[in-house]
Structure formats: C-alpha cells, structure tokens
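Undergrad: mmCIF, C-alpha atoms, file model27.cif:
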data_start
#
loop_
_atom_site.label_atom_id
_atom_site.label_comp_id
_atom_site.auth_asym_id
_atom_site.auth_seq_id
_atom_site.Cartn_x
_atom_site.Cartn_y
_atom_site.Cartn_z
CA MET A 1208 2.01 3.95 9.68
CA PRO A 1209 1.61 0.17 9.54
CA TYR A 1210 2.38 -1.76 6.39
CA VAL A 1211 -0.48 -1.61 3.87
CA PRO A 1212 -0.53 -4.55 1.43
CA ILE A 1213 -1.05 -2.45 -1.72
CA PRO A 1214 -0.32 -5.27 -4.24
CA ILE A 1215 -2.91 -7.52 -2.61
CA ILE A 1216 -5.50 -4.74 -2.58
CA VAL A 1217 -4.86 -3.91 -6.26
CA TYR A 1218 -4.96 -7.60 -7.23
CA TYR A 1219 -8.33 -8.17 -5.55
CA ALA A 1220 -9.69 -4.91 -6.99
CA PHE A 1221 -8.83 -6.08 -10.50
CA MET A 1222 -10.29 -9.52 -9.79
CA ALA A 1223 -13.51 -7.92 -8.53
CA LEU A 1224 -13.61 -5.79 -11.68
CA LEU A 1225 -13.26 -8.91 -13.84
CA PHE A 1226 -15.99 -10.68 -11.83
CA VAL A 1227 -18.39 -7.74 -12.17
CA LYS A 1228 -17.62 -7.44 -15.87
CA ARG A 1229 -18.35 -11.13 -16.53
CA THR A 1230 -21.43 -11.58 -14.37
CA MET A 1231 -23.35 -8.30 -14.49
CA LYS A 1232 -22.14 -6.97 -17.86
CA PRO A 1233 -22.70 -3.27 -17.09
CA LYS A 1234 -22.58 -0.94 -20.08
CA PHE A 1235 -20.06 1.48 -18.58
CA LEU A 1236 -17.42 -1.30 -18.47
CA ASN A 1237 -17.60 -1.90 -22.23
CA VAL A 1238 -14.70 0.47 -22.85
CA ALA A 1239 -11.81 -0.87 -24.94
CA ALA A 1240 -9.33 -0.08 -22.14
CA LEU A 1241 -11.28 -2.38 -19.79
CA SER A 1242 -11.38 -5.51 -21.92
CA GLU A 1243 -10.56 -8.72 -20.07
CA ASN A 1244 -7.17 -9.11 -21.72
CA ASN A 1245 -6.22 -5.53 -20.91
CA ILE A 1246 -7.19 -5.95 -17.26
CA LEU A 1247 -4.98 -9.04 -17.06
CA TYR A 1248 -2.14 -7.05 -18.65
CA TYR A 1249 -2.67 -4.32 -16.05
CA ILE A 1250 -2.32 -6.93 -13.31
CA LEU A 1251 0.87 -8.26 -14.92
CA GLY A 1252 2.33 -4.78 -15.38
CA PHE A 1253 1.56 -3.72 -11.83
CA GLY A 1254 3.07 -6.95 -10.51
CA LEU A 1255 6.28 -6.46 -12.48
CA PHE A 1256 6.54 -2.82 -11.43
CA TYR A 1257 6.03 -3.70 -7.78
CA LEU A 1258 8.53 -6.58 -8.02
CA PHE A 1259 11.24 -4.31 -9.44
CA ASP A 1260 10.47 -1.59 -6.90
CA TYR A 1261 10.65 -4.06 -4.03
CA SER A 1262 13.90 -5.62 -5.28
CA TYR A 1263 15.45 -2.15 -5.71
CA THR A 1264 14.45 -1.27 -2.15
CA VAL A 1265 15.91 -4.48 -0.75
CA ILE A 1266 19.17 -4.11 -2.71
CA THR A 1267 19.65 -0.47 -1.72
CA ASN A 1268 19.00 -1.26 1.95
CA ILE A 1269 21.55 -4.08 1.86
CA CYS A 1270 24.08 -1.82 0.14
CA LYS A 1271 23.50 0.93 2.72
CA GLU A 1272 24.23 -1.54 5.51
CA LEU A 1273 27.41 -2.71 3.80
CA GLY A 1274 28.50 0.80 2.83
CA ILE A 1275 28.43 0.12 -0.92
CA THR A 1276 27.15 2.70 -3.41
CA PHE A 1277 24.43 1.23 -5.63
CA LEU A 1278 23.31 2.96 -8.84
CA PHE A 1279 22.07 6.43 -7.91
CA VAL A 1280 22.39 6.15 -4.15
CA LYS A 1281 24.93 8.77 -3.10
CA ARG A 1282 26.65 8.85 0.24
CA LYS A 1283 26.67 12.09 2.15
CA LYS A 1284 30.13 13.45 2.79
CA LYS A 1285 30.86 14.36 6.38
#
Output the structure of this file as structure tokens.
TA:
Amino acid sequence: MPYVPIPIIVYYAFMALLFVKRTMKPKFLNVAALSENNILYYILGFGLFYLFDYSYTVITNICKELGITFLFVKRKKK
C-alpha cells in the first residue's frame, strides 16, 4: 500500500471544519467539544502524537539496523 499522508488529511479536515463553522454557522456544530479553541487543541494534540510516533518509529528502525535494543523492542533469540 502506498504511503497515505494521514497528518495532512487530518490537518485539512480540521481546517475545513473551522472554515465551515465560521462561515456557515450550522447549528449542529455548536457543541462545546467543537469550539474553535478545542479544534485547535485537537490539531495540536494530533500533531504531537504523530510527531512522537514518527520519532519512535525512526529511532527503533535505526536501533534495529545497529543491533541495539531500544525500550520495549526485544530481539528474537535464535
């Protein structure tokens, strides 16, 4: 499966949600969980989560290549 840019898709989905909320002002978006500040916090939280996940993946792949155990990565005994 080719690489799917999930962070970019999520970012633009949240931006579209903010745009719709500001311009059209639909009643179903007037929930407290979908306030503008909360949507921006969701973007920040998702970005931080994805950053840590990506860095963990990169570090574990480097450690696998070098033969170093990293955190919970266990080597299989032969």
Undergrad: Work out how far apart CA of Leu1225 (chain A) and CA of Ile1246 (chain A) are and give it in Å to one decimal.
TA: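 Distance reported for this atom pair: 7.6 Å.
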Undergrad: Find the residues around Ser1242 (chain A) up to 12 Å (only C-alpha atoms counted), leave out those fewer than 6 positions away in its own chain, and share them as a ChimeraX atom specification.
TA: /A:1221,1224-1225,1228-1229,1232,1235-1236,1248-1249
Undergrad: Taking 5 positions as the minimum chain separation for residues in the same chain, which residues sit within 12 Å of Leu1251 (chain A) when counting all atoms listed in the file? Answer as a list in words.
TA: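 Within the cut-off, the hits are Pro1214, Val1217, Tyr1218, Phe1221, Asn1244, Asn1245, Ile1246, Phe1256, Tyr1257 and Leu1258 of chain A.
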Undergrad: Please, could you write that set of residues out with C-alpha atoms as a tab-separated table (two decimals), in the frame of the given file?
TA:
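Contents of the output file result.tsv:
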chain	number	residue	atom	x	y	z
A	1214	PRO	CA	-0.32	-5.27	-4.24
A	1217	VAL	CA	-4.86	-3.91	-6.26
A	1218	TYR	CA	-4.96	-7.60	-7.23
A	1221	PHE	CA	-8.83	-6.08	-10.50
A	1244	ASN	CA	-7.17	-9.11	-21.72
A	1245	ASN	CA	-6.22	-5.53	-20.91
A	1246	ILE	CA	-7.19	-5.95	-17.26
A	1256	PHE	CA	6.54	-2.82	-11.43
A	1257	TYR	CA	6.03	-3.70	-7.78
A	1258	LEU	CA	8.53	-6.58	-8.02
Undergrad: Quick one, how far is CA of Gly1274 (chain A) from CA of Tyr1210 (chain A)?
TA: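 It comes out at 26.5 Å.
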Undergrad: Rounded to one decimal in Å, what is the spacing between CA of Ala1239 (chain A) and CA of Asp1260 (chain A)?
TA: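 Result for CA of Ala1239 (chain A) versus CA of Asp1260 (chain A): 28.7 Å, one decimal.
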Undergrad: Mind working out the centre and edge lengths of an axis-aligned box for region 1208-1223 of chain A, all listed atoms inside, 4 Å added to each side, rounded to one decimal in Å and written as JSON?
TA:
{"center_x": -5.6, "center_y": -2.8, "center_z": -0.4, "size_x": 23.9, "size_y": 21.5, "size_z": 28.2}
